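Only one structure is covered here, and it is reproduced in the block below.
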Amino acid sequence: MEDLKAKITESVEFINQKSNIKPKIAIILGTGLGRLAEDIQEKEIIPYSDIPNFPISTVQGHGGNLVLGKLENKEVVAMQGRFHYYEGYNLKEVTFPVRVMKKLGAEVIIISNAAGGMNRFFKRGDLMLITDHINLFGDNPLIGPNDEELGLRFPDMSEAYDRKLVELTLKVALKEKIKLHQGIYVGLTGPTLETPAEYRFLIKIGADAVGMSTVPEVIVANHMGMKVLGISCITDLAINGVVVKTGLEEILKAASDAEPIMTKLVKKVIQKIDY
Ligand code: HPA
């Protein structure tokens, strides 16, 4: 436990030597938001591999950088590339960067992902504001001894996704005429996509979208007392349990088509976030 705090401190001190930015906002640039990093001004790009205690990225071509700088004139820290459970990291490794970003000063975290849409009103390329989640990882990043200085043993999850940020984002979307659904994200380990029976099960338990990330980071962000905003880009569909067969290429295509809209939405929200 002491070890975890010491590791966070070591990472934070290293990053602070590289950048003077004191970010209030953290962003995890998942699929569909990757290019937002290009809009960050006065930026310092730090490869994960340089940061002490950061997991080492296994996915080839996945930009593994921490980017510090200014977005819409606000100081931000962004993860360009994230760590997935299915890659073989444990959930403490997956979520370690979230703890570091909080200790760098971030009070708000914006998380994006690609997800399979199960709600019959969804179309490929649509955006969904995450209002709540269901953890079906069969694991939890907080299992093990708890350090009360980092967060509570039994963190409240009744508002895992900050209601005020949800309202703000809906307002921005309305003003900018961006189509934005609201829904429940269910997180599974992957890397397999779901069977038709699994999709039917996930719909029955109340989920609107399914993916392989986000839930662990959101749990740790809540443990650390951060306010969370989550947005899914719907990259493929399984409506009524009928899977529209999708390959990685189509998933990435839908995500890249939705990217300009997602980027615009997030930037406008960042403009409006105040402390
Ligand atoms: N299932 C799980 N993860 C995903 C999907 C899906 O259909 N689409 C994008 N990520």
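By order in the structure tokens, chains are A, B, ...; within a chain, residues start at 1; ligands start at 1, following the order shown.
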
Proximity of chain A to ligand 1: per-residue shortest pair, 10 Å limit, only C-alpha atoms and all ligand atoms, as JSON lines:
{"residue": "A:Thr31", "atom": "CA", "partner": "ligand 1", "partner_atom_place_in_ligand_line": "9 (C)", "distance": 8.9}
{"residue": "A:Asn113", "atom": "CA", "partner": "ligand 1", "partner_atom_place_in_ligand_line": "10 (N)", "distance": 7.7}
{"residue": "A:Ala114", "atom": "CA", "partner": "ligand 1", "partner_atom_place_in_ligand_line": "9 (C)", "distance": 4.7}
{"residue": "A:Ala115", "atom": "CA", "partner": "ligand 1", "partner_atom_place_in_ligand_line": "9 (C)", "distance": 3.7}
{"residue": "A:Gly116", "atom": "CA", "partner": "ligand 1", "partner_atom_place_in_ligand_line": "7 (O)", "distance": 3.4}
{"residue": "A:Gly117", "atom": "CA", "partner": "ligand 1", "partner_atom_place_in_ligand_line": "7 (O)", "distance": 6.7}
{"residue": "A:Met118", "atom": "CA", "partner": "ligand 1", "partner_atom_place_in_ligand_line": "7 (O)", "distance": 8.4}
{"residue": "A:Val186", "atom": "CA", "partner": "ligand 1", "partner_atom_place_in_ligand_line": "2 (C)", "distance": 8.9}
{"residue": "A:Gly187", "atom": "CA", "partner": "ligand 1", "partner_atom_place_in_ligand_line": "2 (C)", "distance": 7.9}
{"residue": "A:Leu188", "atom": "CA", "partner": "ligand 1", "partner_atom_place_in_ligand_line": "2 (C)", "distance": 7.2}
{"residue": "A:Thr189", "atom": "CA", "partner": "ligand 1", "partner_atom_place_in_ligand_line": "2 (C)", "distance": 8.6}
{"residue": "A:Gly190", "atom": "CA", "partner": "ligand 1", "partner_atom_place_in_ligand_line": "2 (C)", "distance": 6.6}
{"residue": "A:Pro191", "atom": "CA", "partner": "ligand 1", "partner_atom_place_in_ligand_line": "3 (N)", "distance": 7.8}
{"residue": "A:Thr192", "atom": "CA", "partner": "ligand 1", "partner_atom_place_in_ligand_line": "2 (C)", "distance": 7.5}
{"residue": "A:Leu193", "atom": "CA", "partner": "ligand 1", "partner_atom_place_in_ligand_line": "1 (N)", "distance": 4.8}
{"residue": "A:Glu194", "atom": "CA", "partner": "ligand 1", "partner_atom_place_in_ligand_line": "1 (N)", "distance": 5.9}
{"residue": "A:Thr195", "atom": "CA", "partner": "ligand 1", "partner_atom_place_in_ligand_line": "1 (N)", "distance": 9.5}
{"residue": "A:Tyr199", "atom": "CA", "partner": "ligand 1", "partner_atom_place_in_ligand_line": "7 (O)", "distance": 8.7}
{"residue": "A:Ala209", "atom": "CA", "partner": "ligand 1", "partner_atom_place_in_ligand_line": "6 (C)", "distance": 7.8}
{"residue": "A:Val210", "atom": "CA", "partner": "ligand 1", "partner_atom_place_in_ligand_line": "2 (C)", "distance": 5.0}
{"residue": "A:Gly211", "atom": "CA", "partner": "ligand 1", "partner_atom_place_in_ligand_line": "3 (N)", "distance": 3.4}
{"residue": "A:Met212", "atom": "CA", "partner": "ligand 1", "partner_atom_place_in_ligand_line": "3 (N)", "distance": 5.1}
{"residue": "A:Ser213", "atom": "CA", "partner": "ligand 1", "partner_atom_place_in_ligand_line": "3 (N)", "distance": 8.2}
{"residue": "A:Ser232", "atom": "CA", "partner": "ligand 1", "partner_atom_place_in_ligand_line": "9 (C)", "distance": 9.2}
{"residue": "A:Cys233", "atom": "CA", "partner": "ligand 1", "partner_atom_place_in_ligand_line": "9 (C)", "distance": 8.3}
{"residue": "A:Ile234", "atom": "CA", "partner": "ligand 1", "partner_atom_place_in_ligand_line": "8 (N)", "distance": 7.1}
{"residue": "A:Thr235", "atom": "CA", "partner": "ligand 1", "partner_atom_place_in_ligand_line": "8 (N)", "distance": 5.6}
{"residue": "A:Asp236", "atom": "CA", "partner": "ligand 1", "partner_atom_place_in_ligand_line": "8 (N)", "distance": 5.6}
{"residue": "A:Leu237", "atom": "CA", "partner": "ligand 1", "partner_atom_place_in_ligand_line": "7 (O)", "distance": 6.6}
{"residue": "A:Ala238", "atom": "CA", "partner": "ligand 1", "partner_atom_place_in_ligand_line": "7 (O)", "distance": 7.1}
{"residue": "A:Val243", "atom": "CA", "partner": "ligand 1", "partner_atom_place_in_ligand_line": "7 (O)", "distance": 8.5}
{"residue": "A:Val244", "atom": "CA", "partner": "ligand 1", "partner_atom_place_in_ligand_line": "7 (O)", "distance": 9.2}
{"residue": "A:Lys245", "atom": "CA", "partner": "ligand 1", "partner_atom_place_in_ligand_line": "7 (O)", "distance": 9.2}
{"residue": "A:Thr246", "atom": "CA", "partner": "ligand 1", "partner_atom_place_in_ligand_line": "7 (O)", "distance": 8.1}
{"residue": "A:Gly247", "atom": "CA", "partner": "ligand 1", "partner_atom_place_in_ligand_line": "8 (N)", "distance": 9.4}
{"residue": "A:Leu248", "atom": "CA", "partner": "ligand 1", "partner_atom_place_in_ligand_line": "9 (C)", "distance": 8.5}
{"residue": "A:Glu250", "atom": "CA", "partner": "ligand 1", "partner_atom_place_in_ligand_line": "8 (N)", "distance": 9.8}
{"residue": "A:Ile251", "atom": "CA", "partner": "ligand 1", "partner_atom_place_in_ligand_line": "9 (C)", "distance": 6.4}
{"residue": "A:Leu252", "atom": "CA", "partner": "ligand 1", "partner_atom_place_in_ligand_line": "9 (C)", "distance": 8.8}
{"residue": "A:Ala254", "atom": "CA", "partner": "ligand 1", "partner_atom_place_in_ligand_line": "9 (C)", "distance": 9.9}
{"residue": "A:Ala255", "atom": "CA", "partner": "ligand 1", "partner_atom_place_in_ligand_line": "9 (C)", "distance": 9.2}

Closest contacts (stretch 46-108 of chain A/stretch 120-140 of chain A, max 9 Å, only C-alpha atoms) as a tab-separated table:
residue	atom	partner	partner_atom	distance
A:Tyr85	CA	A:Phe137	CA	8.9
A:Leu91	CA	A:Asn140	CA	6.8
A:Lys92	CA	A:Asn140	CA	8.6

Go ahead and write the selection's residues with all heavy atoms as a PDB file, in the first residue's frame.
ATOM      1  N   TYR A  85      -7.432  -4.659 -19.981  1.00  0.00           N
ATOM      2  CA  TYR A  85      -7.335  -5.914 -19.206  1.00  0.00           C
ATOM      3  C   TYR A  85      -7.000  -7.084 -20.138  1.00  0.00           C
ATOM      4  O   TYR A  85      -6.199  -7.936 -19.808  1.00  0.00           O
ATOM      5  CB  TYR A  85      -8.686  -6.110 -18.519  1.00  0.00           C
ATOM      6  CG  TYR A  85      -8.755  -7.166 -17.442  1.00  0.00           C
ATOM      7  CD1 TYR A  85      -7.936  -7.110 -16.317  1.00  0.00           C
ATOM      8  CD2 TYR A  85      -9.694  -8.208 -17.518  1.00  0.00           C
ATOM      9  CE1 TYR A  85      -8.043  -8.059 -15.306  1.00  0.00           C
ATOM     10  CE2 TYR A  85      -9.816  -9.151 -16.517  1.00  0.00           C
ATOM     11  CZ  TYR A  85      -8.989  -9.072 -15.411  1.00  0.00           C
ATOM     12  OH  TYR A  85      -9.105 -10.009 -14.421  1.00  0.00           O
ATOM     13  N   LEU A  91      -5.944  -5.136 -13.189  1.00  0.00           N
ATOM     14  CA  LEU A  91      -6.723  -3.895 -13.140  1.00  0.00           C
ATOM     15  C   LEU A  91      -6.024  -2.789 -12.351  1.00  0.00           C
ATOM     16  O   LEU A  91      -6.312  -1.611 -12.533  1.00  0.00           O
ATOM     17  CB  LEU A  91      -8.128  -4.157 -12.586  1.00  0.00           C
ATOM     18  CG  LEU A  91      -9.056  -4.940 -13.533  1.00  0.00           C
ATOM     19  CD1 LEU A  91     -10.460  -5.033 -12.957  1.00  0.00           C
ATOM     20  CD2 LEU A  91      -9.101  -4.323 -14.935  1.00  0.00           C
ATOM     21  N   LYS A  92      -5.083  -3.175 -11.473  1.00  0.00           N
ATOM     22  CA  LYS A  92      -4.303  -2.131 -10.769  1.00  0.00           C
ATOM     23  C   LYS A  92      -3.352  -1.439 -11.753  1.00  0.00           C
ATOM     24  O   LYS A  92      -3.124  -0.234 -11.666  1.00  0.00           O
ATOM     25  CB  LYS A  92      -3.545  -2.730  -9.592  1.00  0.00           C
ATOM     26  CG  LYS A  92      -4.475  -3.174  -8.470  1.00  0.00           C
ATOM     27  CD  LYS A  92      -3.725  -3.447  -7.193  1.00  0.00           C
ATOM     28  CE  LYS A  92      -4.597  -4.192  -6.189  1.00  0.00           C
ATOM     29  NZ  LYS A  92      -5.899  -3.572  -5.939  1.00  0.00           N
TER      30      LYS A  92
END

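Near stretch 148-162 of chain A, within a cut-off of 7 Å and counting only C-alpha atoms, sit the residues Thr131, Asp132, Asn146, Lys164, Leu165, Val166, Asn222, His223, Met224, Lys227, Val228 and Leu229 of chain A, with same-chain residues fewer than 2 positions away left out.
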
Mind writing the picked residues with N, CA, C and O atoms as a CSV table (one decimal), in the first residue's frame?
chain,number,residue,atom,x,y,z
A,131,THR,N,-24.4,7.2,-18.5
A,131,THR,CA,-25.0,7.7,-17.3
A,131,THR,C,-24.7,6.8,-16.1
A,131,THR,O,-24.9,7.2,-15.0
A,132,ASP,N,-24.4,5.6,-16.4
A,132,ASP,CA,-24.1,4.6,-15.4
A,132,ASP,C,-23.4,3.4,-16.0
A,132,ASP,O,-23.4,3.3,-17.3
A,146,ASN,N,-6.8,-1.6,1.4
A,146,ASN,CA,-7.2,-0.3,1.0
A,146,ASN,C,-6.3,0.8,1.7
A,146,ASN,O,-6.1,0.7,2.9
A,164,LYS,N,-23.8,16.6,-12.9
A,164,LYS,CA,-23.7,17.9,-13.4
A,164,LYS,C,-22.9,17.9,-14.7
A,164,LYS,O,-23.3,18.7,-15.7
A,165,LEU,N,-21.9,17.1,-14.9
A,165,LEU,CA,-21.2,17.0,-16.1
A,165,LEU,C,-22.1,16.4,-17.2
A,165,LEU,O,-22.1,16.8,-18.4
A,166,VAL,N,-23.0,15.4,-16.8
A,166,VAL,CA,-24.0,14.9,-17.8
A,166,VAL,C,-24.9,16.0,-18.3
A,166,VAL,O,-25.1,16.2,-19.5
A,222,ASN,N,-13.5,7.3,-9.1
A,222,ASN,CA,-14.4,7.5,-8.0
A,222,ASN,C,-13.7,7.3,-6.7
A,222,ASN,O,-14.0,8.0,-5.7
A,223,HIS,N,-12.9,6.2,-6.6
A,223,HIS,CA,-12.1,6.0,-5.4
A,223,HIS,C,-11.3,7.2,-5.0
A,223,HIS,O,-11.2,7.5,-3.8
A,224,MET,N,-10.8,7.9,-6.0
A,224,MET,CA,-9.9,9.0,-5.8
A,224,MET,C,-10.7,10.3,-5.6
A,224,MET,O,-10.1,11.4,-5.5
A,227,LYS,N,-14.5,13.6,-10.6
A,227,LYS,CA,-15.8,13.7,-11.3
A,227,LYS,C,-15.6,13.1,-12.7
A,227,LYS,O,-14.6,13.5,-13.4
A,228,VAL,N,-16.5,12.2,-13.0
A,228,VAL,CA,-16.3,11.5,-14.3
A,228,VAL,C,-17.3,11.9,-15.4
A,228,VAL,O,-18.5,12.0,-15.1
A,229,LEU,N,-16.8,12.0,-16.6
A,229,LEU,CA,-17.7,12.2,-17.8
A,229,LEU,C,-17.2,11.1,-18.7
A,229,LEU,O,-16.1,11.0,-19.1

(message) For the alpha helix (DSSP H) assignment from backbone DSSP, which residues of stretch 63-170 of chain A qualify? Please present them as a list in words.
(response) Leu91, Lys92, Glu93, Val94, Thr95, Phe96, Pro97, Val98, Arg99, Val100, Met101, Lys102, Lys103, Leu104, Arg163, Lys164, Leu165, Val166, Glu167, Leu168, Thr169 and Leu170 of chain A

Select from stretch 57-152 of chain A every residue with an atom at most 9 Å from any atom of stretch 18-23 of chain A, then for each give the shortest pair of atoms and their distance in Å to one decimal, using only C-alpha atoms, rows by chain and rising number, as JSON lines.
{"residue": "A:Leu68", "atom": "CA", "partner": "A:Ile21", "partner_atom": "CA", "distance": 6.4}
{"residue": "A:Gly69", "atom": "CA", "partner": "A:Ile21", "partner_atom": "CA", "distance": 6.2}
{"residue": "A:Lys70", "atom": "CA", "partner": "A:Ile21", "partner_atom": "CA", "distance": 8.1}
{"residue": "A:Lys74", "atom": "CA", "partner": "A:Pro23", "partner_atom": "CA", "distance": 7.7}
{"residue": "A:Glu75", "atom": "CA", "partner": "A:Pro23", "partner_atom": "CA", "distance": 4.6}
{"residue": "A:Val76", "atom": "CA", "partner": "A:Pro23", "partner_atom": "CA", "distance": 4.4}
{"residue": "A:Val77", "atom": "CA", "partner": "A:Pro23", "partner_atom": "CA", "distance": 5.7}
{"residue": "A:Met101", "atom": "CA", "partner": "A:Pro23", "partner_atom": "CA", "distance": 8.1}
{"residue": "A:Lys102", "atom": "CA", "partner": "A:Pro23", "partner_atom": "CA", "distance": 8.9}
{"residue": "A:Leu104", "atom": "CA", "partner": "A:Lys22", "partner_atom": "CA", "distance": 6.5}
{"residue": "A:Gly105", "atom": "CA", "partner": "A:Pro23", "partner_atom": "CA", "distance": 5.5}
{"residue": "A:Ala106", "atom": "CA", "partner": "A:Pro23", "partner_atom": "CA", "distance": 5.4}
{"residue": "A:Glu107", "atom": "CA", "partner": "A:Pro23", "partner_atom": "CA", "distance": 8.5}

(message) Calculated over only C-alpha atoms, which of the candidates A:Ile273, A:Glu198, A:Lys267, A:Gly225 has the smallest distance to A:Asp39?
(response)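 Going through A:Ile273, A:Glu198, A:Lys267, A:Gly225 one by one, the smallest distance to A:Asp39 is for A:Lys267.
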
(request) Select, from A:Val100, A:Val67, A:Ile261, A:Ile40, the residue with the minimum atom-to-atom distance to A:Leu4, counting only C-alpha atoms. (result)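 Closest candidate: A:Val100.
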